[in-house]
Amino acid sequence: MKPLSTELQDAETLRELGSASVQIVHDLKNQLNGLKLYATFLRKRMEKSERPADELETIAKLIAGLERAAGDMTLLVRYGRPLELRRRPGTDLSRLLSEAAEGHRVEADEGSFDGDFDQDALKEALKNITQGGHASAATDDEDGAAGIRLRREGSNGAAVIEWRGVTQAGEELFHGFAGGEGLRLALASKIIRAHGGEVVQDGDVLRARLPLQSNDER
């Protein structure tokens, strides 16, 4: 048997390290949730004994910090594990985008945007992109154009979604893993790729492409 090359050994080591890291993060998340329970118990006891306001504020901040850390770890575990999509043919991408972009005006081409999508997963991804990466700044332009645009590329081939007005132009938002917001954007990118699409940043625009159903598939 021929020995593994250095590249293959490195790849296998990275895979093993990634799997171990996901399990470690999962265990740490459970420990943080346990600490949150203890902190909540202490807060209730302190409220009954009328403790000073600054002590109650401190423990409230402690609980909030534990919740944020546990939430970020949950996102990291989800990102590190394989996605299990529950696709449904004929899912309307335009509707998913409108629901995910609640509070933002979406400008869409006429016609069908049906695809073979996991409704819950894809809506989560679109919501994360809209809210994260300062894409929430994608409001109407001075000339009245909507900050979020849905259009068709080719006769049937793909749908393109654009979020305009991103304030972090020049930074790679989908691979930065910068805190909870970065994790949500990375997970959004993974969900879109799992649907056979892609998402990129082009200056102050975030752009996602997703395959649509052809007329023969409808």
# chains A, B, ... in the order shown; residues from 1 in each chain; ligands from 1
>>> residues_around(residues="Gly154 of chain A", least_positions_apart="2", cutoff="12 Å", atoms="only C-alpha atoms", output="list in words")
Arg151, Arg152, Asn156, Gly157, Ala158, Ala159, Val160, Arg209, Pro211, Leu212 and Ser214 of chain A
>>> select_by_dssp(residues="segment 34-197 of chain A", states="helix (DSSP H, G or I)", output="ChimeraX atom specification")
/A:34-48,53-80,93-100,119-131,135-137,173-175,179-194
>>> residues_around(residues="Ala108 of chain A", least_positions_apart="5", cutoff="10 Å", atoms="only C-alpha atoms", output="ChimeraX atom specification")
/A:94,97-98,113,146,148-152,160-161
>>> closest_residue(among="A:Leu75, A:Val199, A:Arg105, A:Arg207", to="Leu187 of chain A", atoms="only C-alpha atoms")
A:Leu75
>>> residues_around(residues="Asp204 of chain A", least_positions_apart="4", cutoff="7 Å", atoms="only C-alpha atoms", output="VMD selection string")
chain A and resid 164 to 167 169
>>> write_last_selection(atoms="C-alpha atoms", output="PDB file, in the first residue's frame")
ATOM      1  CA  ARG A 164     -27.564  46.930  -2.237  1.00  0.00           C
ATOM      2  CA  GLY A 165     -25.969  49.445   0.102  1.00  0.00           C
ATOM      3  CA  VAL A 166     -23.675  47.115   2.067  1.00  0.00           C
ATOM      4  CA  THR A 167     -21.486  49.326   4.219  1.00  0.00           C
ATOM      5  CA  ALA A 169     -17.511  46.993   1.033  1.00  0.00           C
TER       6      ALA A 169
END
>>> select_by_dssp(residues="segment 58-210 of chain A", states="strand (DSSP E)", output="number ranges by chain")
A: 88-92, 106-108, 114-117, 148-153, 158-164, 198-202, 205-210
>>> closest_atom_pairs(of="segment 75-160 of chain A", to="segment 22-45 of chain A", cutoff="10 Å", atoms="only C-alpha atoms", output="tab-separated table")
residue	atom	partner	partner_atom	distance
A:Leu76	CA	A:Val22	CA	7.4
A:Val77	CA	A:Val22	CA	5.4
A:Arg78	CA	A:Val22	CA	8.7
A:Tyr79	CA	A:Val22	CA	9.0
A:Gly80	CA	A:Val22	CA	6.1
A:Arg81	CA	A:Val22	CA	7.7
